[in-house]
>>> print(open('start.cif').read())   # mmCIF, C-alpha atoms
data_start
#
loop_
_atom_site.label_atom_id
_atom_site.label_comp_id
_atom_site.auth_asym_id
_atom_site.auth_seq_id
_atom_site.Cartn_x
_atom_site.Cartn_y
_atom_site.Cartn_z
CA MET A 1 0.00 0.00 0.00
CA THR A 2 2.75 2.36 0.90
CA THR A 3 4.66 1.41 -2.21
CA GLY A 4 1.69 2.26 -4.43
CA ILE A 5 1.22 5.66 -2.80
CA GLY A 6 4.94 6.45 -3.25
CA LYS A 7 4.77 5.54 -6.92
CA ARG A 8 1.77 7.80 -7.51
CA GLU A 9 3.49 10.71 -5.74
CA SER A 10 6.64 10.31 -7.85
CA GLU A 11 4.57 10.16 -11.04
CA MET A 12 2.73 13.35 -10.01
CA ARG A 13 6.05 15.14 -9.40
CA LYS A 14 7.31 14.12 -12.83
CA ARG A 15 4.13 15.37 -14.52
CA GLU A 16 4.30 18.68 -12.67
CA ALA A 17 7.98 19.11 -13.60
CA GLY A 18 7.26 18.31 -17.22
CA SER A 19 4.37 20.72 -17.31
CA LEU A 20 6.62 23.71 -16.34
CA VAL A 21 8.16 23.97 -19.79
CA PRO A 22 4.92 24.24 -21.78
CA ARG A 23 3.49 26.48 -19.07
CA PHE A 24 6.47 28.85 -19.45
CA HIS A 25 6.15 28.78 -23.24
CA ARG A 26 2.44 29.60 -23.01
CA PHE A 27 3.30 32.52 -20.70
CA CYS A 28 5.97 33.71 -23.10
CA ASP A 29 3.66 33.35 -26.11
CA SER A 30 1.01 35.45 -24.41
CA ARG A 31 3.55 38.21 -23.55
CA LEU A 32 4.95 38.12 -27.08
CA THR A 33 1.45 38.44 -28.54
CA ARG A 34 0.71 41.49 -26.43
CA ARG A 35 4.11 43.14 -27.18
CA ILE A 36 4.18 42.39 -30.91
CA ARG A 37 0.84 44.08 -31.47
CA GLY A 38 2.15 47.46 -30.26
CA SER A 39 5.79 46.99 -31.32
CA PRO A 40 7.28 49.30 -34.00
CA PHE A 41 9.59 46.49 -35.19
CA GLY A 42 6.81 44.32 -36.66
CA PRO A 43 5.61 40.80 -35.90
CA ALA A 44 9.11 39.28 -35.84
CA SER A 45 10.55 41.55 -33.16
CA PRO A 46 13.73 39.97 -31.71
CA PHE A 47 13.77 42.49 -28.84
CA ALA A 48 10.43 41.30 -27.49
CA ALA A 49 11.52 37.65 -27.63
CA ALA A 50 14.79 38.44 -25.92
CA SER A 51 13.03 40.37 -23.15
CA CYS A 52 10.60 37.48 -22.61
CA LEU A 53 13.38 34.93 -22.38
CA ARG A 54 15.33 37.10 -19.95
CA SER A 55 12.37 37.64 -17.62
CA PRO A 56 10.09 34.55 -17.60
CA THR A 57 8.42 35.73 -14.42
CA ALA A 58 7.40 39.10 -13.06
CA GLY A 59 9.50 38.71 -9.95
CA SER A 60 12.87 38.09 -11.67
CA ARG A 61 15.70 40.66 -11.21
CA HIS A 62 17.35 42.62 -14.08
CA SER A 63 21.01 41.77 -14.75
CA GLY A 64 23.74 44.55 -14.65
CA PHE A 65 27.48 45.23 -14.33
CA SER A 66 29.27 44.38 -11.16
CA LEU A 67 31.68 46.70 -9.36
CA ILE A 68 34.68 44.65 -10.51
CA GLU A 69 33.59 44.90 -14.13
CA LEU A 70 33.22 48.69 -13.84
CA LEU A 71 36.68 48.98 -12.28
CA VAL A 72 38.22 46.84 -15.03
CA ALA A 73 36.50 48.96 -17.72
CA LEU A 74 37.74 52.18 -16.09
CA ALA A 75 41.28 50.80 -15.88
CA VAL A 76 41.25 49.82 -19.56
CA PHE A 77 39.87 53.23 -20.57
CA ALA A 78 42.49 55.02 -18.47
CA SER A 79 45.29 52.96 -20.06
CA MET A 80 44.04 53.70 -23.57
CA ALA A 81 43.70 57.41 -22.76
CA ALA A 82 47.27 57.51 -21.40
CA LEU A 83 48.62 55.80 -24.52
CA ALA A 84 46.68 58.16 -26.79
CA TYR A 85 47.93 61.22 -24.89
CA GLY A 86 51.52 60.01 -25.06
CA GLY A 87 51.30 59.50 -28.83
CA LEU A 88 49.65 62.87 -29.38
CA ASN A 89 52.24 64.60 -27.21
CA ALA A 90 55.05 62.99 -29.19
CA VAL A 91 53.49 64.13 -32.47
CA VAL A 92 53.13 67.71 -31.16
CA ARG A 93 56.75 67.81 -29.98
CA ALA A 94 58.00 66.44 -33.28
CA ARG A 95 55.97 68.99 -35.22
CA ALA A 96 57.27 71.85 -33.05
CA GLY A 97 60.85 70.68 -33.57
CA LEU A 98 60.36 70.45 -37.34
CA SER A 99 58.87 73.95 -37.39
CA GLN A 100 61.87 75.36 -35.52
CA GLN A 101 64.31 73.63 -37.85
CA GLN A 102 62.42 74.86 -40.91
CA GLU A 103 62.40 78.43 -39.61
CA ALA A 104 66.14 78.28 -38.85
CA PHE A 105 66.88 76.90 -42.32
CA ASN A 106 64.71 79.56 -43.99
CA ALA A 107 66.49 82.30 -42.03
CA LEU A 108 69.87 80.94 -43.15
CA MET A 109 68.78 80.82 -46.80
CA ARG A 110 67.43 84.37 -46.57
CA SER A 111 70.76 85.55 -45.16
CA VAL A 112 72.72 83.93 -47.98
CA ALA A 113 70.36 85.27 -50.65
CA SER A 114 70.41 88.80 -49.22
CA LEU A 115 74.21 88.93 -49.09
CA GLU A 116 74.55 87.52 -52.60
CA ARG A 117 72.03 90.03 -53.97
CA ASP A 118 73.80 93.02 -52.39
CA LEU A 119 77.21 91.87 -53.59
CA ARG A 120 76.01 91.40 -57.17
CA GLN A 121 74.58 94.94 -57.18
CA ALA A 122 77.69 96.62 -55.75
CA ALA A 123 78.33 100.03 -57.24
CA ALA A 124 81.57 102.03 -57.35
CA ARG A 125 80.21 105.05 -55.53
CA PRO A 126 82.25 106.43 -52.58
CA VAL A 127 80.45 108.02 -49.64
CA ARG A 128 81.23 110.26 -46.67
CA GLY A 129 81.10 109.14 -43.07
CA ASN A 130 79.50 110.78 -40.06
CA TYR A 131 82.30 113.33 -39.77
CA GLY A 132 82.74 114.06 -43.47
CA GLU A 133 85.63 111.62 -43.97
CA PRO A 134 85.69 109.86 -47.36
CA GLN A 135 84.72 106.20 -47.40
CA PRO A 136 85.60 103.80 -50.23
CA PRO A 137 82.79 102.31 -52.30
CA PHE A 138 83.63 98.86 -50.97
CA ALA A 139 85.23 98.30 -47.57
CA GLY A 140 85.76 94.73 -46.46
CA THR A 141 87.27 93.02 -43.41
CA PRO A 142 87.61 89.33 -42.58
CA ASN A 143 84.38 89.46 -40.51
CA GLY A 144 82.30 92.20 -42.14
CA VAL A 145 81.69 94.26 -45.22
CA GLU A 146 80.28 97.69 -46.10
CA LEU A 147 79.38 98.62 -49.66
CA THR A 148 77.22 100.78 -51.88
CA ARG A 149 74.60 98.85 -53.81
CA ALA A 150 72.27 99.73 -56.66
CA GLY A 151 68.68 98.68 -57.10
CA PHE A 152 67.28 100.53 -54.07
CA ALA A 153 63.61 100.43 -55.05
CA ASN A 154 61.72 103.73 -55.10
CA PRO A 155 58.06 102.85 -55.78
CA GLN A 156 56.72 106.20 -54.47
CA ALA A 157 59.13 108.29 -56.57
CA GLU A 158 60.70 109.98 -53.55
CA VAL A 159 63.44 112.56 -53.94
CA ARG A 160 66.34 110.30 -53.10
CA SER A 161 69.01 108.18 -54.71
CA ASN A 162 68.47 104.67 -55.98
CA LEU A 163 71.76 103.69 -54.33
CA GLU A 164 71.97 102.39 -50.78
CA ARG A 165 74.77 101.89 -48.28
CA VAL A 166 74.60 98.54 -46.51
CA THR A 167 76.72 96.68 -43.98
CA TYR A 168 77.02 93.03 -42.86
CA VAL A 169 78.60 92.09 -39.56
CA LEU A 170 78.60 89.21 -37.08
CA ASP A 171 77.74 90.55 -33.62
CA ASP A 172 77.80 88.12 -30.68
CA GLY A 173 76.73 85.12 -32.75
CA THR A 174 74.07 87.06 -34.68
CA LEU A 175 74.42 87.98 -38.34
CA ARG A 176 73.06 91.52 -38.85
CA ARG A 177 72.41 93.65 -41.91
CA GLY A 178 72.40 97.44 -41.62
CA ASN A 179 71.31 100.04 -44.13
CA TYR A 180 71.81 103.81 -43.95
CA PRO A 181 69.00 106.18 -44.92
CA VAL A 182 71.42 108.36 -46.93
CA LEU A 183 74.71 107.84 -48.72
CA ASP A 184 76.65 110.84 -47.37
CA ARG A 185 75.96 110.72 -43.68
CA ALA A 186 75.67 113.53 -41.18
CA PRO A 187 76.75 113.44 -37.51
CA GLY A 188 74.50 111.09 -35.58
CA THR A 189 73.28 109.16 -38.61
CA ALA A 190 72.88 105.50 -37.63
CA ALA A 191 72.15 102.41 -39.66
CA GLN A 192 68.85 100.57 -39.41
CA VAL A 193 69.81 97.07 -38.28
CA THR A 194 67.98 93.89 -39.28
CA VAL A 195 68.69 90.51 -37.67
CA LEU A 196 69.22 87.92 -40.39
CA ARG A 197 70.23 84.79 -38.46
CA ASP A 198 71.18 84.04 -34.87
CA GLN A 199 73.32 81.17 -33.57
CA VAL A 200 75.98 81.75 -36.23
CA ASP A 201 79.36 80.33 -35.24
CA ALA A 202 81.52 82.08 -37.86
CA PHE A 203 81.23 84.60 -40.67
CA ARG A 204 84.35 85.00 -42.82
CA LEU A 205 85.05 86.88 -46.06
CA ARG A 206 87.90 87.25 -48.51
CA TYR A 207 88.32 89.26 -51.70
CA LEU A 208 89.82 88.56 -55.13
CA ASP A 209 91.84 91.27 -56.90
CA GLU A 210 92.68 91.69 -60.59
CA ALA A 211 95.81 89.55 -60.23
CA ASN A 212 93.68 86.64 -58.95
CA HIS A 213 95.09 86.95 -55.45
CA TRP A 214 92.85 86.51 -52.43
CA SER A 215 93.03 89.03 -49.62
CA ASP A 216 91.35 89.24 -46.20
CA THR A 217 90.71 92.98 -46.53
CA TRP A 218 89.56 95.37 -49.21
CA PRO A 219 91.19 97.53 -50.37
CA PRO A 220 94.30 95.40 -49.82
CA ARG A 221 96.81 96.88 -47.42
CA GLU A 222 99.84 96.20 -49.63
CA ALA A 223 98.31 97.52 -52.87
CA ALA A 224 98.80 101.20 -53.68
CA ASP A 225 96.45 101.56 -56.64
CA THR A 226 93.45 99.23 -56.58
CA PRO A 227 90.09 99.38 -58.35
CA ALA A 228 86.99 100.41 -56.49
CA LEU A 229 85.50 96.89 -56.41
CA PRO A 230 87.06 93.44 -56.14
CA ARG A 231 86.56 90.90 -58.89
CA ALA A 232 84.86 88.43 -56.57
CA VAL A 233 83.96 87.94 -52.94
CA GLU A 234 83.93 84.65 -51.08
CA PHE A 235 81.93 84.41 -47.84
CA ARG A 236 81.43 81.54 -45.43
CA ILE A 237 78.65 81.17 -42.88
CA GLU A 238 79.09 78.41 -40.32
CA THR A 239 76.30 77.08 -38.07
CA LYS A 240 75.99 74.05 -35.81
CA GLU A 241 72.88 72.69 -37.53
CA TYR A 242 74.01 72.93 -41.17
CA GLY A 243 77.77 73.21 -41.01
CA GLU A 244 79.58 75.64 -43.31
CA ILE A 245 77.99 77.27 -46.34
CA THR A 246 80.40 78.81 -48.87
CA ARG A 247 79.52 81.10 -51.77
CA VAL A 248 81.70 82.90 -54.33
CA VAL A 249 80.02 85.93 -55.88
CA GLU A 250 81.44 87.68 -58.95
CA LEU A 251 81.15 91.46 -58.89
CA VAL A 252 80.92 93.99 -61.70
CA SER A 253 84.54 95.17 -61.80
CA SER A 254 86.20 97.73 -63.99
CA TRP A 255 87.95 96.41 -67.09
CA PRO A 256 91.72 96.05 -67.03
CA ALA A 257 93.72 98.69 -68.87
CA ARG A 258 94.88 96.20 -71.52
CA ALA A 259 91.30 95.26 -72.37
CA VAL A 260 90.38 98.91 -72.77
CA GLU A 261 93.35 99.52 -75.11
CA ALA A 262 92.41 96.51 -77.21
CA LEU A 263 89.00 97.91 -78.05
CA PRO A 264 88.63 99.21 -81.65
#
>>> encode(input="start.cif", output="structure tokens")
Amino acid sequence: MTTGIGKRESEMRKREAGSLVPRFHRFCDSRLTRRIRGSPFGPASPFAAASCLRSPTAGSRHSGFSLIELLVALAVFASMAALAYGGLNAVVRARAGLSQQQEAFNALMRSVASLERDLRQAAARPVRGNYGEPQPPFAGTPNGVELTRAGFANPQAEVRSNLERVTYVLDDGTLRRGNYPVLDRAPGTAAQVTVLRDQVDAFRLRYLDEANHWSDTWPPREAADTPALPRAVEFRIETKEYGEITRVVELVSSWPARAVEALP
């Protein structure tokens, strides 16, 4: 008798356990029917089915992130942000360094071009200094030069000469160009100085005479009768970044006496 009762109870438990699955599916089907009717995604909404499968009963709790997961996500985000900032900072530093190098190189090229242009336009026109003393048209030293140049633009047609007196000198590691407002100066007349290039280690010049001899000064000390302008000028500009730059500029010199006699 007891054995029969135990068998019936076990069979009832099995039937009840088996009936949970269809009962859950019927519950889910009813919820899906109600949600699909008002859903904007149509009759085959995957969001409604997913929500039904996640919450089979009204009393189930919603899943979320744990504190450990949030901390891990924050740590990963912080690491990625640090890496991104380091890369961006390196790019900014590299760009700033390239800009400085480009500006230094452009300043050096402007200095070379300005000196070459003034030397090519040298004119044999003597001037007077601040105290009325005569100055040669071209006065050169091993570390500087002063000359009269042509081509002084006059776009406003001012009452002045088209010639200009300019100087180049290395002053405390800075290459400077000066130009005087007039040719024949009065007491107190000063040159307007323009900085061409700083951080210059050396600025050297030498001058070629008619006999093809190089001299460190012009006019040469040992020559008694020399022309107003040398035949050529060699200048060297030395910097740490680009080494030594050498240029030889040919000037417009007066013809030798033999060439003048040979003319018809």
>>> atom_distance(input="start.cif", atom1="atom CA of A:Thr217", atom2="atom CA of A:Val112")
20.2 Å
>>> closest_residue(input="start.cif", among="A:Gly87, A:Pro155, A:Pro181, A:Pro142", to="A:Phe203", atoms="only C-alpha atoms")
A:Pro142
>>> resolve_selection(input="start.cif", expression="the PyMOL selection byres ((chain A and resi 129) around 12)", output="PyMOL selection string")
chain A and resi 126-128+130-137+146+165+180+182-191
>>> resolve_selection(input="start.cif", expression="the PyMOL selection byres ((chain A and resi 178) around 7)", output="list in words")
Val166, Thr167, Tyr168, Arg176, Arg177, Asn179, Tyr180, Ala191, Gln192, Val193 and Thr194 of chain A
>>> closest_residue(input="start.cif", among="A:Leu74, A:Ala153, A:Ile245, A:Ala139", to="A:Pro230", atoms="all atoms listed in the file")
A:Ala139
>>> closest_residue(input="start.cif", among="A:Glu234, A:Asp198, A:Glu210, A:Glu250", to="A:Ala122", atoms="all atoms listed in the file")
A:Glu250
>>> atom_distance(input="start.cif", atom1="atom CA of A:Leu205", atom2="atom CA of A:Thr141")
7.0 Å
